[in-house]
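Participant: Once you've had a glance at the structure underneath, I'll fire off some questions.
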Amino acid sequence: MPSDLKRVTRALLSVSDKTGLVPFARALAARGVALVSTGGTRRALAEAGLVVEDVSDLTGFPEMMDGRVKTLHPGVHGGLLAVRANPEHQAAMLAHGIAAIDLLVVNLYPFEETVAAARPFDDCIENIDIGGPAMIRAAAKNHGDVAVVVDLADYDAVVADLDAHGGSVSLELRRRLAQKAYARTASYDAAISNWLAGELGEATPRFRALGGMLAEPLRYGENPHQSAGFYRTPEQRPGVATARQLQGKQLSYNNINDTDAAYECVAEFDPARAAAVAIIKHANPCGVAEGDSLAEAYDKALRCDPASAFGGIVALNRPLDAAAARRIVDIFTEVIIAPDASEEAVAIVAAKKNLRLLVAGGLPDPRAPGLSLRTVAGGFLAQARDNAVVDEMALEVVTRRAPTNRELADLKFAFRVAKHVKSNAIVYAREGATVGIGAGQMSRVDSSRIAAWKAAEAAKSAGLSESLAKGAVVASDAFFPFADGLLAAAEAGATAVIQPGGSVRDEEVIRAADDAGLAMVFTGHRHFRH
């Protein structure tokens with residue numbers, strides 16, 4: 001077993017991100033640690049006045065092949081991998097002039113950032129680090145004797161450990177650093193393999209790797225007895241992972257999940273066409289609307305289901321302004337997320353100290369490709385993101401009556417929302433706003449009835465005598481297997497229907513729509529969301 005404390009006499013530093021490098025190296029040198037480095041890192045340290053040995057002095061070889069080969073040598077890896085208490089290892093080091101390396105400090109070439117910047121293929125390839133991961137894995141394997149740092153956030157911890165133990169680092173710290181090191185190389189390799197799979201158009205590669213960096217530990221998961229953490233992947237998709245939280249208490253697991261659902265939903269609505277607001281509860285929309293302003297869109301969205309909106313998430317497709325902020329803070333809201341926010345809006349929200357305000361810097365592109373993941377016992381499911389948008393679908397009128405222009409606009413609106421409602425999903429919409437939503441039912445006819453009931457309840461809340469479903473249109477995320485769900489919509493007062501089609505009973509459903517005087521269009525695209 002390795003001893004608890006290991007003295008650090010030599011450190012090899014080779015970093016792409018040089019943030020905090022010089023102060024850290026100075027702290028090591030001040031504690032008697034000899035410095036060895038490579039390329040740009042060595043130059044930065046030398047220019048700061050530090051005495052630093054070039055890695056080529058250890059290997060006997062200069063850097064070559066545009067820096068591709070510099071640390072892949074026994075002079076480096078022997079110094080990292082040698083077990084100090086093993087006499088044979090010590091003899092080999094002596095025989096071949098290999099000096100021990102007690103501390104390795106490496107952060108990798110910025111591959112993820114290069115891909116995120118949409119750089120050319122060859123640039124991405126050149127930003128794949130080879131020597132760095134090899135050294136990291138070697139040092140992490142030999143953490144019984146060697147400390148490995150892959151995260152500049154650990155610089156202070158290393159210095160504190162050296163001070164606490166008279167120039168040595170503890171086994172506890174070395175093990176913690178080794179765990180992080182392996183996770184970092186795994187995440188790095190995952191980013192590379194997934195990028196290459198995308199470049200090849202390979203939807204189901206033989207091996208699928210996943211990796212992420214901890215954004216923050218969470219107090220608990222869906223329930224208090226479940227531990228949880230929030231991890232960011234290399235994907236630069238605007239949303240909760242990219243957002244700055246301007247105020248409010250820490251987001252919970254459920255807040256993050258619901259906020260993501262809300263922002264993805266509202267992104268379906270082009271801000272250049274109209275302001276849009278989505279109100280989400282338990283990952284389902286309880287109101288979505290477009291308007292001439294965010295305040296108008298919010299009022300229309302809230303009218304759909306004001307009871308469920310209490311304690312919900314509000315997402316906007318335009319920067320939050322003061323008028324919208326005043327309306328939103330009128331009721332208890334957990335989170336507001338928007339591309340940005342005005343100073344006046346921020347000040348208004350600040351009066352509600354627990355209300356979280358997030359600015360994401362942009363909207364996610366509903367057309368962009370990507371991966372959707374879900375764990376199952378013993379594995380996980382990976383699928384392409386549902387990036388189908390109704391504006392690009394070839395809509396087929398299948399009834400005798402074609403929808404009017406107003407109905408067609410509302411049909412498209414409703415189908416955009418249905419994409420973000422848990423299946424089975426039925427959405428009633430009218431004049432650019434949802435008026436009734438039925439979500440997550442085992443029977444489609446039950447979803448249809450619930451949506452109609454919600455529309456009637458919303459009318460009561462607004463003091464209206466007639467259900468909001470009267471004169472509305474209906475969207476279904478999948479085909480009607482029987483005519484009963486469609487007839488329930490007709491009975492509620494709907495005038496037009498949009499659905500994927502594709503049922504063996506399509507003709508029966510079409511006849512029922514004709515008999516009821518409904519206009520109906522098929523999209524040819526299903527939007528199941530489980």
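Each chain in the structure tokens gets a letter, A, B and so on, in the order shown; residues start at 1 in every chain, and ligands are counted from 1 in the order they appear.
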Hey, what does DSSP flag as strand (DSSP E) within stretch 112-181 of chain A? Can you give it to me as a PDB file with all heavy atoms, in the first residue's frame?
Facilitator:
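Contents of the output file result35.pdb:
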ATOM      1  N   ALA A 147       0.812  13.048  -7.871  1.00  0.00           N
ATOM      2  CA  ALA A 147      -0.398  13.872  -7.886  1.00  0.00           C
ATOM      3  C   ALA A 147      -0.584  14.416  -9.298  1.00  0.00           C
ATOM      4  O   ALA A 147       0.386  14.841  -9.933  1.00  0.00           O
ATOM      5  CB  ALA A 147      -0.289  15.022  -6.893  1.00  0.00           C
ATOM      6  N   VAL A 148      -1.822  14.403  -9.792  1.00  0.00           N
ATOM      7  CA  VAL A 148      -2.105  14.880 -11.141  1.00  0.00           C
ATOM      8  C   VAL A 148      -3.202  15.940 -11.078  1.00  0.00           C
ATOM      9  O   VAL A 148      -4.255  15.720 -10.464  1.00  0.00           O
ATOM     10  CB  VAL A 148      -2.510  13.721 -12.078  1.00  0.00           C
ATOM     11  CG1 VAL A 148      -3.657  12.896 -11.520  1.00  0.00           C
ATOM     12  CG2 VAL A 148      -2.859  14.246 -13.469  1.00  0.00           C
ATOM     13  N   VAL A 149      -2.961  17.084 -11.703  1.00  0.00           N
ATOM     14  CA  VAL A 149      -3.901  18.193 -11.689  1.00  0.00           C
ATOM     15  C   VAL A 149      -4.364  18.457 -13.120  1.00  0.00           C
ATOM     16  O   VAL A 149      -3.543  18.751 -13.992  1.00  0.00           O
ATOM     17  CB  VAL A 149      -3.268  19.467 -11.094  1.00  0.00           C
ATOM     18  CG1 VAL A 149      -4.239  20.640 -11.176  1.00  0.00           C
ATOM     19  CG2 VAL A 149      -2.850  19.220  -9.648  1.00  0.00           C
ATOM     20  N   SER A 168       4.664  17.812   1.176  1.00  0.00           N
ATOM     21  CA  SER A 168       4.120  16.555   0.664  1.00  0.00           C
ATOM     22  C   SER A 168       2.636  16.727   0.365  1.00  0.00           C
ATOM     23  O   SER A 168       1.985  17.663   0.850  1.00  0.00           O
ATOM     24  CB  SER A 168       4.303  15.428   1.685  1.00  0.00           C
ATOM     25  OG  SER A 168       5.675  15.158   1.905  1.00  0.00           O
ATOM     26  N   VAL A 169       2.108  15.807  -0.445  1.00  0.00           N
ATOM     27  CA  VAL A 169       0.674  15.779  -0.708  1.00  0.00           C
ATOM     28  C   VAL A 169       0.101  14.483  -0.145  1.00  0.00           C
ATOM     29  O   VAL A 169       0.755  13.432  -0.159  1.00  0.00           O
ATOM     30  CB  VAL A 169       0.356  15.904  -2.209  1.00  0.00           C
ATOM     31  CG1 VAL A 169       0.580  17.316  -2.696  1.00  0.00           C
ATOM     32  CG2 VAL A 169       1.164  14.921  -3.041  1.00  0.00           C
ATOM     33  N   SER A 170      -1.124  14.554   0.313  1.00  0.00           N
ATOM     34  CA  SER A 170      -1.747  13.415   0.996  1.00  0.00           C
ATOM     35  C   SER A 170      -2.330  12.428  -0.005  1.00  0.00           C
ATOM     36  O   SER A 170      -2.661  12.776  -1.143  1.00  0.00           O
ATOM     37  CB  SER A 170      -2.863  13.907   1.916  1.00  0.00           C
ATOM     38  OG  SER A 170      -3.894  14.502   1.156  1.00  0.00           O
TER      39      SER A 170
END
Participant: Can you tell me which residues surround A:Cys124 at a distance of at most 7 Å, considering only C-alpha atoms, apart from same-chain residues fewer than 6 positions away, and format the answer as a ChimeraX atom specification?
Facilitator: /A:111,114-115
Participant: Could you pull the residues within 12 Å of A:Thr434, counting only C-alpha atoms, minus those fewer than 5 positions along the same chain, as a PyMOL selection string?
Facilitator: chain A and resi 276-279+285-290+297-305+410-418+421+426-429+451-452+454-455+458+468-469+472-475
Participant: Would you kindly return, as JSON, numbers by chain, each protein, DNA or RNA residue with an atom no farther than 12 Å from any atom of A:Asp330, considering only C-alpha atoms and excluding same-chain residues fewer than 4 positions away?
Facilitator: {"A": [295, 298, 299, 302, 306, 309, 310, 311, 323, 324, 325, 326, 348, 349, 351, 352, 355]}
Participant: Closest to A:Pro271 among A:Asp365, A:Ala241, A:Arg511, A:Asp151, using only C-alpha atoms?
Facilitator: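 Of the candidates, the smallest distance to A:Pro271 is held by A:Asp365.
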